[in-house]
Every structure is written in structure tokens, then in C-alpha cells.
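Below: the structure, in C-alpha cells.
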Amino acid sequence: MSSYLEMVNGPAHVKKLTLPQLQELAGEIRQELIAGLSKAGGHLGPNLGVVELTIALHRVFNTPKDKFVWDVSHQVYVHKILTDRKDRFRTIRQTDGLNGFALRTESPHDCYGAGHAGTALSAALGMAAARDKKGTDENVVCIFGDAALTNGISFEALNNIGHTTKRFIGILNDNEWSIAKNVGAISAYLNKLITNPRYNKIAKDFEAFVRRLPKGELALKLAHKAEGGFKGAITGVGLQQTGKPEDADGRGGYGSPVFFEEMGMRYLGPIDGHDLPLLISTLEFAKTCDQPIVIHVLTQKGKGFEAALKFPEKFHGLGPYNAQTGETPAAKPNAAPMYQDVMGQTMVRLCQKNNTLVGITAAMPTGTGMKHLEKAMPDRYYDVGIAEEHAVIFAAGMATMGLHPVVAIYSSFLQRAYDCIHHDICLQDLPVIFCMDRAGLSANDGPTHHGLFDIAYLRTLPNVTAMAPKDEDELVDMMFTATHSNHPMFIRYPRGAAEGVPIKEEPKLLEIGKAEVIQNFSSNGRKKAALFGLGPMCAIARKAAEQLVAEGFDVAVINPRFTKPIDAGTTEFFGKAADLVVTLEDHVIMGGYGSAVLELFSEKNVTTPVVRIGWPDQFIEHASTQDELRKKYGLSVENTVVKVKAHFGEATATATKLIEVA
Ligand SMILES: Cc1ncc(C[n+]2csc(CCOP(=O)(O)OP(=O)(O)O)c2C)c(N)n1
């Protein structure tokens with residue numbers, strides 16, 4: 001770390017530096033981001049884009065009294081560095097380190113936590129309304145991206161701002177990128193705003209005007225007066241013909257800020273988001289506005305790092321990289337494929353044989369693997385933007401017309417579409433297939449991204465078939481099987497590398513609701529434990545079984561495959577045959593697969609004790625690796641063995657501790 005960054009320990013120090021010093025500080029922060037994230041990775045690109053903006057915010061406002069609400073909040077690294085967390089910055093997203101998102105429990109400067117997109121405008125408006133009600137004078141500043149703006153909740157908030165408060169500062173951080181390139185009409189609209197030459201002239205005039213301002217109240221009053229004049233000019237811009245009928249929306253023409261104005265917000269911009277003096281003056285001005293204002297700030301994702309500028313999608317969020325070149329470690333030869341790629345490649349295979357299949361992603365083409373379909377069969381691929389509710393209902397509409405949509409959404413992001421799953425998909429019993437990626441932990445992202453609740457939230461809904469493959473070959477079988485169903489089908493699978501098993505040439509049709517018995521009892525007169533290992537926990541059950549057999553137990557291993565309907569016959573059979581049943585799931589224990597087994601046993605009067613291994617009833621923190629957290633919370637071979645032995649009165653010294661947690 002070099003000089004100014006060393007000096008700055010909190011927002012008060014940002015206020016002490018001169019403009020040239022702040023500019024140097026920006027450069028040093030960029031270097032710290034690039035070097036500091038290179039070992040463990042993180043959201044490099046978005047943070048490189050908001051260095052000047054964050055410095056300007058802390059220069060003008062006073063957190064924690066003033067409130068900064070960041071959408072998604074993956075771009076808060078600079079804010080963390082400037083708010084007393086500089087020394088721990090290099091621990092970010094690692095075990096016991098800083099969280100990668102804003103977190104209320106981490107700092108008073110993080111007034112609102114997030115991780116999912118589209119929440120910031122609503123939350124900030126709630127704060128502004130509370131402030132108005134209490135009669136206090138905090139500034140509330142909401143920083144939201146151009147892709148977050150495409151989200152439905154953002155629009156619900158915009159609809160509400162003008163008649164709720166007079167003091168609200170929105171900063172639209174427009175870098176033209178979501179994780180992938182931003183899509184849709186809003187993105188096209190913002191692009192038209194940026195490229196309208198008349199509007200740019202107005203923005204430039206404003207820029208020149210603000211730059212000339214002396215400090216002080218008089219100047220601010222002047223600014224208000226002048227801004228009123230600009231507003232008149234701005235609203236007069238309207239849609240002018242560009243003479244280019246090839247425009248994305250087919251209408252031609254430039255954009256005007258009338259959209260924001262009609263929402264009751266003053267629109268200012270677009271301004272250069274890397275021009276520190278301009279940002280500071282504009283924010284000073286915004287602070288005095290007596291009407292909600294949105295400042296349209298243009299930033300470059302990855303600014304200051306060539307590789308990140310060249311590959312904005314890759315550098316949105318990534319693992320370790322070379323801090324000089326940006327190169328990332330090559331995949332190990334013979335490494336198991338990622339589940340997301342198996343999903344995407346299977347989509348291509350299935351679509352080639354079935355004309356009714358289409359793929360839908362909500363702004364996650366790479367993360368879900370749907371990019372494989374985009375590349376191979378673009379006419380069968382839909383990216384609807386960060387709009388999970390819309391994605392689900394859009395699929396419902398397609399299904400009513402005879403198509404068979406496959407919606408790939410992370411388990412945790414699908415939560416917000418629960419009503420759509422209930423009301424649109426299940427109630428109408430529509431054949432939509434859900435591929436739920438990141439079902440289980442997303443270790444370094446933490447609690448906002450862990451997908452630990454889907455079995456519970458789907459089990460209660462009629463018409464649902466829900467499954468979890470034990471490996472990538474079974475994922476393909478499950479996707480294939482789902483395409484043969486006329487009902488809602490859900491498949492959950494974890495983040496990251498699959499098991500590394502070969503994938504069959506031709507997928508197999510699975511019997512709905514039928515479990516797979518991997519290892520039966522040997523009926524050798526020893527104590528019997530039946531291990532039901534769901535999805536990735538099947539591998540853990542197998543390894544635990546090996547150890548237990550070696551230690552003199554008779555162990556059966558069952559791959560349940562289905563969490564709804566569960567295989568009543570097989571489960572009851574093993575329940576009655578065993579002295580102990582153990583269920584293992586990468587999901588919260590409460591309401592999950594083990595609970596389904598207990599419900600069945602209660603109905604069938606099976607009295608065999610059941611030990612449920614899964615995540616406890618609490619939000620699980622972030623950590624460097626999934627294995628660390630699994631071990632800590634007892635989702636491990638070791639703890640399974642310990643629990644079985646403890647049940648049969650063979651508890652070891654370590655048993656007591658582990659048994660408490662899971
Ligand atoms: C509900 C939800 N869906 C998807 C995501 C995954 N996601 C994280 S950041 C991001 C893109 C955000 O783009 P933008 O708001 O423009 O911010 P930028 O990264 O460009 O600064 C997406 C899709 C998410 N966090 N939440």
C-alpha cells in the first residue's frame with residue numbers, strides 16, 4: 001500500500017485530502033483492488049468501476065449518519081476500504097474474513113445488506129420515508145446499476161418515489177453490463193440517452209457550469225436556478241429521429257430523460273463517473289435538491305486493469321488471477337466438469353432432438369451454463385434480464401402454447417419467484433422444468449447466495465416433482481426424464497465441479513418417485529444403519545458406509561433421487577429393516593428431505609430412530625470453501641460415522657461436539 005491509502009482509515013480522512021490527493025488515492029485503491037483480490041478472487045470489475053464514485057460519495061456525505069444503499073452490493077469493496085475495513089480487505093470472502101457484500105453486522109457504515117438484485121431503491125425509499133416521518137435530516141443515497149434497474153422491484157420503487165418523499169438521491173451506475181451484456185429495452189433506452197448528442201451538450205453545459213461554481217450556499221442556489229432551466233431544456237428534447245431505423249426498438253430516435261421526470265425525479269446526466277471533481281460537485285448539488293433526483297453516472301467496468309476491460313463478464317466476479325496479466329489458472333487436465341456446463345451442454349443435446357424445448361435464463365448465461373444453448377441454438381434461448389418472477393411466468397405462458405421451457409435459476413434467486421411457481425406454474429400444472437443451480441452452498445458468497453431452502457419451499461406445493469442427482473450423469477437422466485413429463489419438474493444440483501463420472505451416450509428415463517438402492521444390507525446379524533444420501537450427500541453416505549462396514553456395522557446406502565414424491569415403498573422397507581436411519585441432505589434440516597422421511601414414517605408407523613444430517617436452523621456464514629463449512633456443521637463423512645456410532649452407544653470423544661451442531 002502506498003501513501004494516501006495508508007493515511008485513510010475512515011470517511012473523515014477522505015474529507016481532508018485535496019482533489020489531486022484524492023485522485024492519487026483513487027489510483028492506489030485500484031492497485032489494492034487488483035493486487036488484493038488476485039489470490040482469492042472477488043468482484044473485481046464492478047469495484048474498479050466505482051472507485052471515483054465511492055470516493056466522491058464519502059467526500060460529500062457522512063456515513064453512518066447518511067445512508068448509502070447499494071444494489072446487490074457486490075460493488076462495496078471501495079466503500080469497505082474507506083470505512084475502517086482497509087486492513088481486513090484482503091480477507092474478503094474468506095473464512096472469518098470480510099463478507100463480499102454489504103452486511104449490517106459488519107459495520108455501522110453498511111446500513112443495508114444485500115446480495116440479490118433490485119432491492120436498493122425500495123429499501124432506500126423506506127429509509128427516506130422513515131426519516132421524513134421522524135423529522136430527521138439524513139441523506140439517503142441509493143446506488144443502483146443499469147441491470148439492477150431492469151428488475152421488477154426497482155420499477156415498483158420508482159413508481160412510489162415521487163409521491164413518498166421530496167429528498168431522495170438515486171445514482172444510476174451505468175456501465176452497460178449486467179454480469180453479461182445488459183439486455184432489453186431499458187438497456188437500449190439508457191444507451192439512447194447516452195448517445196443523444198443534444199442531451200450530451202446539455203450535460204456538458206451543466207458540467208462546465210458546476211465546475212465554475214464557487215463553494216457555498218449562494219452557489220448552490222444558483223445551481224438550483226440554473227438546473228431549473230436545464231430541466232426545461234431537457235424535457236424539451238423528446239424523441240428526435242436519428243434516421244437509423246435499425247435501432248434496437250425499431251423506432252429510431254434518441255432517448256430523453258422523460259421517463260425519470262415522469263416518475264417524479266429530476267434527472268441529471270449522463271456524467272462521467274470517473275471525473276472526480278465533477279462527481280463531487282454534482283453530489284454537492286444533489287444534496288441540496290428538494291425533489292427526488294437521479295444522477296446518471298457512466299462508468300467503465302474494470303477501469304484501470306486491461307484484462308478486466310477486455311473481458312468484463314469474466315472479471316465481473318472470478319477466482320484467483322495473475323495481478324499483472326489477469327490470466328487465470330488453467331483448468332486441471334481430467335478435471336470433473338462443472339454442473340452448470342453439464343446442464344448447458346445437455347440443453348443443447350436435448351433441444352437438438354426435441355423441438356418444443358427452449359431455455360430461459362434471468363441474466364445468468366454463464367453462471368447457469370445456458371450460454372451453451374445461446375451459442376449453439378440462439379433461437380431457442382432467452383435471456384430475460386434480472387427478472388426471476390418474469391422468467392417463471394414467461395415460461396408459464398410458453399408452456400400454455402405447447403412449448404416445454406427449461407428455466408435455469410440459482411436456488412437462492414428462485415426464492416423471489418415463489419408465488420409465480422405456486423400461482424402460475426403449479427396451480428395450472430404446467431410443464432416447466434426448473435434447473436436450480438447452486439442448490440447447497442455458495443461458500444464465498446455467503447448467506448445471500450446459499451441455496452438451502454428449496455426442498456422445503458417446493459415440498460408443500462401440489463403437482464411438484466422435485467429431484468436431486470447424485471452425479472452429473474444422473475443430472476442428464478433427470479433433465480431427460482423431465483422433458484417427458486407434463487407437470488412442473490424441479491432439479492437441484494450444487495455449485496462447482498461434479499463427481500467426475502462418465503456421462504452415458506444416451507440418457508436413461510427414470511421412474512418418477514423411485515429411489516436407487518446403491519448398497520443393500522448384508523443381513524449378517526450386525527447392527528443395521530440405512531443411509532439415505534441425497535444429491536451430493538450420496539458420495540458422503542457411501543464413504544461413511546465404507547468406514548462403518550469396516551467397523552463392523554451392516555450398512556445400506558440409498559440414493560433417494562426424489563424429494564417429492566419420495567419413494568414410499570423403498571423408504572418404508574429400509575426404515576423397517578434398519579436399526580437406525582440416517583438422512584443426509586445439502587439443505588436445511590427443517591422441512592427438508594429428512595422431514596419428508598419422518599412424515600412418511602409417522603404415517604406408516606415406522607418407529608426406527610432417524611438422525612437427520614443437514615444445515616441447522618440458522619443462516620450459514622461465508623467461508624473460503626464449502627468443505628470447511630460442511631465440516632464445521634457436520635455434513636461430513638466423519639460426523640456421519642460419529643453419529644451412527646453414538647446411536648449404537650459407541651460415542652467417541654469428538655462425537656459429543658459434532659452431534660451438537662447438526
Ligand atoms: C435476484 C438476483 N438475480 C441475479 C443476480 C446475479 N447478479 C449479481 S450482480 C448482477 C449484475 C448486476 O449488474 P448491474 O446492476 O448493472 O451492476 P454492475 O455489476 O454492472 O455494476 C447479477 C445478474 C443477483 N445478485 N440477484
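Ordering of the C-alpha cells sets the chain letters (A, B, ...), residue numbers begin anew at 1 in every chain, and ligands are numbered from 1 in the order given.
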Contacts of ligand 1, 7 Å or closer, only C-alpha atoms and all ligand atoms, given as a ChimeraX atom specification: /A:46,71-72,74-75,115-118,144-149,173-179,301,316,362-364,386,388,413
Near range 272-293 of chain A, 12 Å: range 60-136 of chain A residue rows, closest pairs, only C-alpha atoms, as a tab-separated table:
```
residue	atom	partner	partner_atom	distance
A:Val60	CA	A:Glu284	CA	6.2
A:Phe61	CA	A:Lys287	CA	8.5
A:Asn62	CA	A:Lys287	CA	11.5
A:Asp66	CA	A:Lys287	CA	10.8
A:Leu121	CA	A:Pro292	CA	11.9
A:Ala124	CA	A:Pro292	CA	11.8
A:Leu125	CA	A:Pro292	CA	10.2
A:Ala128	CA	A:Pro292	CA	10.4
```
For the residues selected in the previous step, produce a file with N, CA, C and O atoms as a PDB file, in the first residue's frame.
```
ATOM      1  N   VAL A  60     -18.573  13.774   0.060  1.00  0.00           N
ATOM      2  CA  VAL A  60     -19.710  14.697   0.166  1.00  0.00           C
ATOM      3  C   VAL A  60     -20.642  14.346   1.337  1.00  0.00           C
ATOM      4  O   VAL A  60     -21.167  15.226   2.003  1.00  0.00           O
ATOM      5  N   PHE A  61     -20.821  13.061   1.574  1.00  0.00           N
ATOM      6  CA  PHE A  61     -21.791  12.641   2.612  1.00  0.00           C
ATOM      7  C   PHE A  61     -21.066  12.122   3.843  1.00  0.00           C
ATOM      8  O   PHE A  61     -19.852  11.906   3.829  1.00  0.00           O
ATOM      9  N   ASN A  62     -21.854  11.922   4.883  1.00  0.00           N
ATOM     10  CA  ASN A  62     -21.292  11.469   6.158  1.00  0.00           C
ATOM     11  C   ASN A  62     -21.961  10.187   6.620  1.00  0.00           C
ATOM     12  O   ASN A  62     -22.986  10.238   7.284  1.00  0.00           O
ATOM     13  N   ASP A  66     -25.523   9.561   7.217  1.00  0.00           N
ATOM     14  CA  ASP A  66     -26.121   9.453   5.884  1.00  0.00           C
ATOM     15  C   ASP A  66     -26.109   7.984   5.475  1.00  0.00           C
ATOM     16  O   ASP A  66     -25.258   7.210   5.926  1.00  0.00           O
ATOM     17  N   LEU A 121     -33.570   0.367  -4.343  1.00  0.00           N
ATOM     18  CA  LEU A 121     -34.448   1.534  -4.439  1.00  0.00           C
ATOM     19  C   LEU A 121     -35.569   1.452  -3.402  1.00  0.00           C
ATOM     20  O   LEU A 121     -35.903   2.443  -2.749  1.00  0.00           O
ATOM     21  N   ALA A 124     -34.031   2.008   0.148  1.00  0.00           N
ATOM     22  CA  ALA A 124     -33.639   3.408   0.350  1.00  0.00           C
ATOM     23  C   ALA A 124     -34.878   4.286   0.499  1.00  0.00           C
ATOM     24  O   ALA A 124     -34.915   5.206   1.326  1.00  0.00           O
ATOM     25  N   LEU A 125     -35.896   3.986  -0.291  1.00  0.00           N
ATOM     26  CA  LEU A 125     -37.118   4.786  -0.171  1.00  0.00           C
ATOM     27  C   LEU A 125     -37.752   4.578   1.206  1.00  0.00           C
ATOM     28  O   LEU A 125     -38.252   5.529   1.818  1.00  0.00           O
ATOM     29  N   ALA A 128     -35.888   6.767   3.504  1.00  0.00           N
ATOM     30  CA  ALA A 128     -36.222   8.184   3.311  1.00  0.00           C
ATOM     31  C   ALA A 128     -37.591   8.482   3.933  1.00  0.00           C
ATOM     32  O   ALA A 128     -37.775   9.518   4.601  1.00  0.00           O
TER      33      ALA A 128
END
```
Point-to-point distance from CA of Arg59 in chain A to CA of Lys15 in chain A, Å rounded to tenths: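 CA of Lys15 in chain A lies at a distance of 5.1 Å from CA of Arg59 in chain A.
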Long-range neighbours of range 27-31 of chain A as a VMD selection string, 7 Å cut-off, only C-alpha atoms, 2 positions minimum in chain: chain A and resid 2 5 23 to 25 33 to 35 48 304
Output the selection as a CSV table (one decimal), in the first residue's frame - all heavy atoms for each residue.
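Ended up saving to again-v3.csv:
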```
chain,number,residue,atom,x,y,z
A,2,SER,N,0.5,2.2,-0.8
A,2,SER,CA,1.3,3.4,-0.8
A,2,SER,C,0.6,4.6,-0.1
A,2,SER,O,-0.5,4.4,0.5
A,2,SER,CB,1.7,3.8,-2.2
A,2,SER,OG,0.6,3.5,-3.1
A,5,LEU,N,-3.5,5.9,0.7
A,5,LEU,CA,-4.3,4.8,1.2
A,5,LEU,C,-3.9,4.5,2.6
A,5,LEU,O,-4.7,4.2,3.4
A,5,LEU,CB,-4.2,3.6,0.2
A,5,LEU,CG,-5.1,2.5,0.5
A,5,LEU,CD1,-6.6,2.9,0.7
A,5,LEU,CD2,-5.0,1.4,-0.6
A,23,GLN,N,-7.3,12.1,-6.2
A,23,GLN,CA,-7.1,11.4,-7.4
A,23,GLN,C,-6.0,10.3,-7.3
A,23,GLN,O,-6.1,9.2,-7.8
A,23,GLN,CB,-6.8,12.4,-8.6
A,23,GLN,CG,-8.1,12.7,-9.3
A,23,GLN,CD,-8.2,14.1,-9.9
A,23,GLN,OE1,-7.4,14.9,-9.6
A,23,GLN,NE2,-9.1,14.3,-10.8
A,24,GLU,N,-5.0,10.7,-6.6
A,24,GLU,CA,-4.0,9.7,-6.3
A,24,GLU,C,-4.5,8.5,-5.5
A,24,GLU,O,-4.2,7.4,-5.7
A,24,GLU,CB,-2.8,10.3,-5.5
A,24,GLU,CG,-2.0,11.3,-6.4
A,24,GLU,CD,-0.5,11.2,-6.2
A,24,GLU,OE1,-0.1,10.2,-5.7
A,24,GLU,OE2,0.2,12.1,-6.6
A,25,LEU,N,-5.3,8.9,-4.5
A,25,LEU,CA,-5.9,7.8,-3.7
A,25,LEU,C,-6.7,6.8,-4.6
A,25,LEU,O,-6.7,5.6,-4.4
A,25,LEU,CB,-6.9,8.5,-2.7
A,25,LEU,CG,-7.7,7.5,-1.8
A,25,LEU,CD1,-6.8,6.7,-0.8
A,25,LEU,CD2,-8.8,8.2,-1.0
A,33,LEU,N,-7.2,-3.0,-5.1
A,33,LEU,CA,-8.2,-4.0,-5.6
A,33,LEU,C,-7.6,-5.1,-6.4
A,33,LEU,O,-7.9,-6.3,-6.2
A,33,LEU,CB,-9.3,-3.2,-6.4
A,33,LEU,CG,-10.3,-2.3,-5.6
A,33,LEU,CD1,-11.1,-1.5,-6.6
A,33,LEU,CD2,-11.2,-3.1,-4.7
A,34,ILE,N,-6.8,-4.6,-7.4
A,34,ILE,CA,-6.2,-5.6,-8.3
A,34,ILE,C,-5.3,-6.6,-7.6
A,34,ILE,O,-5.4,-7.8,-7.8
A,34,ILE,CB,-5.4,-4.9,-9.5
A,34,ILE,CG1,-6.4,-4.0,-10.3
A,34,ILE,CG2,-4.7,-5.9,-10.3
A,34,ILE,CD1,-5.7,-3.0,-11.2
A,35,ALA,N,-4.4,-6.1,-6.8
A,35,ALA,CA,-3.5,-7.0,-6.1
A,35,ALA,C,-4.2,-7.8,-5.0
A,35,ALA,O,-4.0,-9.0,-4.8
A,35,ALA,CB,-2.3,-6.2,-5.5
A,48,LEU,N,-13.7,-1.9,-9.6
A,48,LEU,CA,-12.8,-1.0,-10.3
A,48,LEU,C,-13.6,0.2,-11.0
A,48,LEU,O,-13.1,1.3,-11.1
A,48,LEU,CB,-12.0,-1.7,-11.4
A,48,LEU,CG,-10.9,-2.6,-10.9
A,48,LEU,CD1,-10.3,-3.4,-12.1
A,48,LEU,CD2,-9.8,-1.8,-10.2
A,304,GLY,N,-8.9,0.5,-15.3
A,304,GLY,CA,-7.6,0.5,-14.7
A,304,GLY,C,-6.9,-0.8,-14.8
A,304,GLY,O,-5.8,-1.0,-14.4
```
Strand (DSSP E or B) per DSSP on the backbone: members of range 277-310 of chain A, as a ChimeraX atom specification: /A:293-298
Take the residues that were just selected and, keeping C-alpha atoms, output them as an mmCIF file, in the first residue's frame.
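Once written, again.cif looks like this:
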```cif
data_model
loop_
_atom_site.group_PDB
_atom_site.id
_atom_site.type_symbol
_atom_site.label_atom_id
_atom_site.label_comp_id
_atom_site.auth_asym_id
_atom_site.auth_seq_id
_atom_site.Cartn_x
_atom_site.Cartn_y
_atom_site.Cartn_z
ATOM 1 C CA ILE A 293 -33.132 13.245 -8.128
ATOM 2 C CA VAL A 294 -31.451 10.581 -10.214
ATOM 3 C CA ILE A 295 -27.889 11.146 -11.380
ATOM 4 C CA HIS A 296 -26.954 9.089 -14.407
ATOM 5 C CA VAL A 297 -23.291 8.214 -13.990
ATOM 6 C CA LEU A 298 -21.317 6.498 -16.742
#
```
Nearest residue to Pro507 in chain A from the set A:Gly100, A:Ala399, A:Thr346, A:Phe434 (distances using only C-alpha atoms): A:Thr346
Distance query Met467 in chain A at most 8 Å, only C-alpha atoms, self and fewer than 2 positions along chain excluded, as a short mmCIF file (atom, residue, chain, number, x, y, z; two decimals) with C-alpha atoms, in the first residue's frame:
```
data_model
loop_
_atom_site.label_atom_id
_atom_site.label_comp_id
_atom_site.auth_asym_id
_atom_site.auth_seq_id
_atom_site.Cartn_x
_atom_site.Cartn_y
_atom_site.Cartn_z
CA THR A 465 -41.88 -33.32 -8.85
CA PRO A 469 -28.92 -36.06 -8.87
CA MET A 478 -33.13 -36.21 -14.73
CA PHE A 490 -37.55 -29.24 -10.40
CA ILE A 491 -33.93 -30.42 -10.37
CA ARG A 492 -31.49 -29.15 -7.73
CA ARG A 561 -33.26 -39.18 -6.20
CA PHE A 562 -36.68 -37.66 -5.49
CA THR A 563 -37.62 -35.31 -2.67
CA LYS A 564 -41.15 -35.21 -3.97
#
```
12 Å contact set for Ala466 in chain A, only C-alpha atoms, chain neighbours under 5 positions out, as a PyMOL selection string: chain A and resi 433-436+454-461+478-479+481-482+487-493+512-514+534-535+560-567+592-593
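Excluding Leu309 in chain A itself and any same-chain residue fewer than 4 positions from it, the protein and nucleic acid residues within 10 Å of it, counting only C-alpha atoms, are Gly45, Leu48, Gly49, Gln300, Lys301, Gly302, Lys303, Gly304, Phe305, Glu313, Lys314 and Phe315 of chain A.
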Residues as selected, C-alpha atoms, written as an mmCIF file, in the first residue's frame, can you do that?
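Output contents, as saved in again.cif:
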```
data_model
loop_
_atom_site.group_PDB
_atom_site.id
_atom_site.type_symbol
_atom_site.label_atom_id
_atom_site.label_comp_id
_atom_site.auth_asym_id
_atom_site.auth_seq_id
_atom_site.Cartn_x
_atom_site.Cartn_y
_atom_site.Cartn_z
ATOM 1 C CA GLY A 45 -14.656 -5.422 -12.431
ATOM 2 C CA LEU A 48 -12.802 -0.952 -10.338
ATOM 3 C CA GLY A 49 -15.690 0.909 -11.968
ATOM 4 C CA GLN A 300 -16.371 1.554 -17.031
ATOM 5 C CA LYS A 301 -16.462 -1.889 -15.519
ATOM 6 C CA GLY A 302 -12.864 -2.960 -14.918
ATOM 7 C CA LYS A 303 -11.347 0.515 -15.318
ATOM 8 C CA GLY A 304 -7.610 0.503 -14.722
ATOM 9 C CA PHE A 305 -6.996 -3.162 -15.469
ATOM 10 C CA GLU A 313 -18.031 -10.711 -17.993
ATOM 11 C CA LYS A 314 -15.159 -12.844 -16.778
ATOM 12 C CA PHE A 315 -13.930 -10.117 -14.435
#
```
